[in-house]
Amino acid sequence: MLDTPISPSRVLSELRQAWAEKPPSLAAIFQAGERLAGLADVAGVQADLPAQRIAVLGAATIDYLSRAIACAVVQEGVFPVIYQAPFGAYVQEALNPASALHGFAPELAVIAPEARDLVEALPLESSAAEVTGAIEAKVAMFGRVWDALAARGCRVVQHLLVPPVEQYRGMAERLAPASPFNQVRSLNDALVAAGRGRVQWVDLERLAAAVGARRFSANRFWHSARLGFDQRFLPDYLPAFRGAWRSACGRGKKVLTLDLDNTLWGGVIGDDGAEGLSLGPGSPEGEAFADWQRCAVLRVADFAAFDCSWNDKVAGWRRISEALNLGLDSIVFADDNPAECALIRRALPEVAVVELGPEPAEFPALLDAGHWFDMADFTAEDFSRTEAYAARAEARAARAQVSETDLDGYLASLAMTGRLYRPTEADIPRLAQLEQKTNQFNLTTRRYSETEIRAFLARDDAVVLAFRLADRFGDHGLTSSLIAVQERESLRIDSWLMSCRIFSRTAEPFILRGLLEIARQRGVRRLVGEYVPTAKNGVVADLYARMGFAAGKHGSAWYRDVDASALAGADTHIVARSS
């Protein structure tokens with residue numbers, strides 16, 4: 001009798017469940033990596049399996065890295081199908097359109113350059129201008145690699161370089177631009193600046209500093225096996241890579257939820273009273289809790305939602321998720337109680353759990369170690385996100401106080417104002433962030449980088465729109481974007497995104513009104529919409545039907561004539577503002 005073949009989906013589920021409580025050891029990484037590689041061919045044809053095609057390219061040996069990347073992606077609930085580029089050939093593979101890399105058609109490329117290959121043998125007395133010239137040439141080379149991958153619809157994750165530990169002339173080398181240490185540091189800074197909006201970074205410089213740079217990238221491993229770093233640190237590499245992967249794939253965590261007793265302060269407030277809690281100066285424990293509060297939350301205004309009761313935490317988490325209109329997979333839960341952590345892992349596996357343990361001085365490091373909230377950059381909306389979530393929660397509370405039949409009255413009471421406009425350069429980072437992070441209100445799930453958005457803005461046949469919303473509870477910021485392309489007498493909506501902050505606010509018809517006006521100005525006769533269903537965007541499955549579009553006979557297209565007198569489906573409670 002033939003053995004029943006093992007299902008990749010079963011392996012994915014088993015590994016993810018096993019690693020939820022205890023992250024994989026070095027031995028488990030190698031064993032699971034081999035197992036996953038053996039199932040890659042089957043995974044590639046399993047239609048219902050969440051899978052991703054990943055190319056790993058590097059200047060060093062990458063077998064061990066590919067195994068770790070595979071395990072990291074499994075921890076995120078995705079099955080990895082991995083291609084390894086030939087040793088040291090990452091530039092040639094990326095720039096050659098006929099290469100095996102491009103034949104593989106990766107959705108994500110991980111680039112692992114090596115500092116030892118990129119440091120120029122410049123005399124220490126070389127000028128800053130000479131060093132800058134050498135660095136600019138390397139940045140330009142990487143830029144060509146990134147562009148070649150992006151042109152094929154591939155996202156890029158890249159390692160930052162680890163500066164050398166050795167400084168044979170001590171402090172003097174810190175003052176010499178051409179020293180290897182300064183070359184690597186300067187190259188890292190230049191790469192990050194050039195890759196803004198194009199690349200997500202695994203900060204190996206930070207990881208090496210945390211575990212010990214001399215141990216992390218010992219020369220003996222490079223000379224014996226061309227290993228970029230000691231394989232024993234692969235378990236430490238996993239969370240750093242996962243942070244970059246989540247950012248690249250639009251799966252970043254959005255909310256930190258915290259227990260109170262023995263988590264935000266020492267003691268149990270119900271038993272000890274406020275005066276008996278350990279918090280602030282006066283004891284090592286109290287100072288540690290105060291430091292933790294500064295790390296995690298600063299003041300009451302930083303809480304977007306509050307659920308304080310003796311009811312079970314599972315119900316509380318669901319209420320918080322509903323109040324903020326965010327999926328449970330956007331939440332990170334931190335608690336000192338191992339039993340509570342185990343409960344959430346079992347009942348709500350989508351929620352990421354950080355078990356803090358008994359020592360408050362270690363809480364910041366334990367949270368930081370997960371790289372849960374890693375971001376490539378900040379936008380203005382990021383700094384006002386808590387206020388926006390709180391404003392939305394207030395609005396939902398107000399909605400709960402009106403009858404189901406008085407929705408129009410409720411929306412009118414919000415006193416909403418909106419602005420639909422052609423975005424400026426300052427808006428582009430936020431637009432790219434929406435492209436990468438938005439999953440629910442995302443009609444086609446095409447994801448564009450800053451560079452690609454700028455390219456659309458430069459095209460005469462393209463329309464790029466940004467939308468901002470405010471109401472009486474607060475300013476929600478730039479929360480929607482739309483990209484359309486004119487094709488003869490049609491204007492095709494290529495990408496339409498909206499933050500979950502403003503669902504059900506009639507922003508959709510407000511934006512449609514603006515797009516109809518632009519279409520009329522261009523002499524366009526009809527709008528064409530596309531809806532490509534995914535596991536998460538079912539919320540917009542009927543959007544075009546509600547907006548007065550008619551379904552096409554084939555495929556995912558929807559059509560609507562541009563008629564100056566017909567605004568069916570475009571009723572809105574949002575009043576336009578000019579700025």
# chains A, B, ... in the order shown; residues from 1 in each chain; ligands from 1
>>> select_by_dssp(residues="stretch 94-166 of chain A", states="helix (DSSP H, G or I)", output="ChimeraX atom specification")
/A:94-95,100-104,115-118,128-150
>>> closest_residue(among="A:Leu36, A:Leu238, A:Ala137, A:Leu118", to="A:Gln75", atoms="only C-alpha atoms")
A:Leu238
>>> closest_atom_pairs(of="stretch 105-170 of chain A", to="stretch 190-213 of chain A", cutoff="10 Å", atoms="only C-alpha atoms", output="JSON lines")
{"residue": "A:Val110", "atom": "CA", "partner": "A:Val202", "partner_atom": "CA", "distance": 9.5}
{"residue": "A:Ile111", "atom": "CA", "partner": "A:Trp201", "partner_atom": "CA", "distance": 9.6}
{"residue": "A:Ala112", "atom": "CA", "partner": "A:Val202", "partner_atom": "CA", "distance": 9.4}
{"residue": "A:Thr132", "atom": "CA", "partner": "A:Ala190", "partner_atom": "CA", "distance": 9.5}
{"residue": "A:Ile135", "atom": "CA", "partner": "A:Ala190", "partner_atom": "CA", "distance": 7.7}
{"residue": "A:Glu136", "atom": "CA", "partner": "A:Ala190", "partner_atom": "CA", "distance": 7.8}
{"residue": "A:Lys138", "atom": "CA", "partner": "A:Leu191", "partner_atom": "CA", "distance": 8.8}
{"residue": "A:Val139", "atom": "CA", "partner": "A:Leu191", "partner_atom": "CA", "distance": 6.0}
{"residue": "A:Ala140", "atom": "CA", "partner": "A:Ala194", "partner_atom": "CA", "distance": 8.7}
{"residue": "A:Phe142", "atom": "CA", "partner": "A:Leu191", "partner_atom": "CA", "distance": 8.1}
{"residue": "A:Gly143", "atom": "CA", "partner": "A:Ala194", "partner_atom": "CA", "distance": 7.5}
{"residue": "A:Trp146", "atom": "CA", "partner": "A:Arg198", "partner_atom": "CA", "distance": 7.4}
{"residue": "A:Asp147", "atom": "CA", "partner": "A:Arg198", "partner_atom": "CA", "distance": 8.7}
{"residue": "A:Ala150", "atom": "CA", "partner": "A:Arg198", "partner_atom": "CA", "distance": 8.2}
{"residue": "A:Arg155", "atom": "CA", "partner": "A:Val199", "partner_atom": "CA", "distance": 7.4}
{"residue": "A:Val156", "atom": "CA", "partner": "A:Val199", "partner_atom": "CA", "distance": 5.2}
{"residue": "A:Val157", "atom": "CA", "partner": "A:Gln200", "partner_atom": "CA", "distance": 4.7}
{"residue": "A:Gln158", "atom": "CA", "partner": "A:Trp201", "partner_atom": "CA", "distance": 5.1}
{"residue": "A:His159", "atom": "CA", "partner": "A:Val202", "partner_atom": "CA", "distance": 4.8}
{"residue": "A:Leu160", "atom": "CA", "partner": "A:Asp203", "partner_atom": "CA", "distance": 5.2}
{"residue": "A:Leu161", "atom": "CA", "partner": "A:Glu205", "partner_atom": "CA", "distance": 6.0}
{"residue": "A:Val162", "atom": "CA", "partner": "A:Glu205", "partner_atom": "CA", "distance": 4.6}
{"residue": "A:Pro163", "atom": "CA", "partner": "A:Glu205", "partner_atom": "CA", "distance": 6.9}
{"residue": "A:Pro164", "atom": "CA", "partner": "A:Ala213", "partner_atom": "CA", "distance": 8.0}
{"residue": "A:Val165", "atom": "CA", "partner": "A:Ala213", "partner_atom": "CA", "distance": 6.6}
>>> atom_distance(atom1="atom CA of A:Ser217", atom2="atom CA of A:Phe229")
4.3 Å
>>> closest_residue(among="A:Leu95, A:Val81, A:Ala519, A:Ala432", to="A:Asp561", atoms="only C-alpha atoms")
A:Ala519
>>> residues_around(residues="A:Val332", least_positions_apart="6", cutoff="8 Å", atoms="only C-alpha atoms", output="ChimeraX atom specification")
/A:253-257,351-354,372
>>> write_last_selection(atoms="N, CA and C atoms", output="mmCIF file, in the first residue's frame")
data_model
loop_
_atom_site.group_PDB
_atom_site.id
_atom_site.type_symbol
_atom_site.label_atom_id
_atom_site.label_comp_id
_atom_site.auth_asym_id
_atom_site.auth_seq_id
_atom_site.Cartn_x
_atom_site.Cartn_y
_atom_site.Cartn_z
ATOM 1 N N LYS A 253 1.624 44.760 12.161
ATOM 2 C CA LYS A 253 0.760 44.829 13.334
ATOM 3 C C LYS A 253 0.406 46.298 13.605
ATOM 4 N N LYS A 254 -0.787 46.515 14.122
ATOM 5 C CA LYS A 254 -1.269 47.883 14.279
ATOM 6 C C LYS A 254 -1.587 48.265 15.716
ATOM 7 N N VAL A 255 -1.836 47.275 16.570
ATOM 8 C CA VAL A 255 -2.311 47.585 17.919
ATOM 9 C C VAL A 255 -1.566 46.734 18.936
ATOM 10 N N LEU A 256 -1.081 47.372 19.991
ATOM 11 C CA LEU A 256 -0.529 46.661 21.148
ATOM 12 C C LEU A 256 -1.578 46.674 22.243
ATOM 13 N N THR A 257 -1.984 45.486 22.682
ATOM 14 C CA THR A 257 -2.951 45.383 23.770
ATOM 15 C C THR A 257 -2.226 44.861 25.005
ATOM 16 N N VAL A 351 -3.931 36.335 16.957
ATOM 17 C CA VAL A 351 -3.301 37.362 17.794
ATOM 18 C C VAL A 351 -1.870 36.944 18.136
ATOM 19 N N ALA A 352 -0.923 37.856 17.944
ATOM 20 C CA ALA A 352 0.466 37.598 18.347
ATOM 21 C C ALA A 352 0.599 37.806 19.844
ATOM 22 N N VAL A 353 1.267 36.889 20.521
ATOM 23 C CA VAL A 353 1.354 36.911 21.980
ATOM 24 C C VAL A 353 2.797 37.112 22.413
ATOM 25 N N VAL A 354 2.992 38.065 23.337
ATOM 26 C CA VAL A 354 4.306 38.292 23.946
ATOM 27 C C VAL A 354 4.190 37.963 25.424
ATOM 28 N N TRP A 372 7.562 43.457 16.152
ATOM 29 C CA TRP A 372 6.151 43.439 15.778
ATOM 30 C C TRP A 372 5.726 44.679 15.009
#
>>> atom_distance(atom1="atom CA of A:Leu324", atom2="atom CA of A:Gln440")
13.8 Å
>>> closest_residue(among="A:Ser579, A:Asn439, A:Gln486, A:Thr424", to="A:Ala470", atoms="only C-alpha atoms")
A:Ser579
>>> residues_around(residues="A:Gly77", least_positions_apart="4", cutoff="8 Å", atoms="only C-alpha atoms", output="mmCIF file with C-alpha atoms, in the first residue's frame")
data_model
loop_
_atom_site.group_PDB
_atom_site.id
_atom_site.type_symbol
_atom_site.label_atom_id
_atom_site.label_comp_id
_atom_site.auth_asym_id
_atom_site.auth_seq_id
_atom_site.Cartn_x
_atom_site.Cartn_y
_atom_site.Cartn_z
ATOM 1 C CA LEU A 12 2.051 24.581 7.441
ATOM 2 C CA SER A 13 -0.612 24.280 10.126
ATOM 3 C CA ARG A 16 2.854 27.194 12.855
ATOM 4 C CA PRO A 50 -1.624 30.540 1.030
ATOM 5 C CA VAL A 73 7.257 32.809 6.483
#
>>> residues_around(residues="A:Leu49", least_positions_apart="5", cutoff="10 Å", atoms="only C-alpha atoms", output="VMD selection string")
chain A and resid 7 to 10 12 43 to 44 77 to 79
>>> write_last_selection(atoms="C-alpha atoms", output="compact mmCIF listing (two decimals), in the first residue's frame")
# COMPACT_ATOMS: atom_id res chain seq x y z
CA SER A 7 -0.29 17.82 2.50
CA PRO A 8 1.67 21.12 2.47
CA SER A 9 -1.30 22.81 4.17
CA ARG A 10 -1.13 20.27 6.99
CA LEU A 12 2.05 24.58 7.44
CA ALA A 43 2.58 23.51 -2.73
CA GLY A 44 2.91 25.26 -6.06
CA GLY A 77 0.89 31.49 7.98
CA VAL A 78 2.25 31.35 4.42
CA PHE A 79 3.87 28.40 2.65
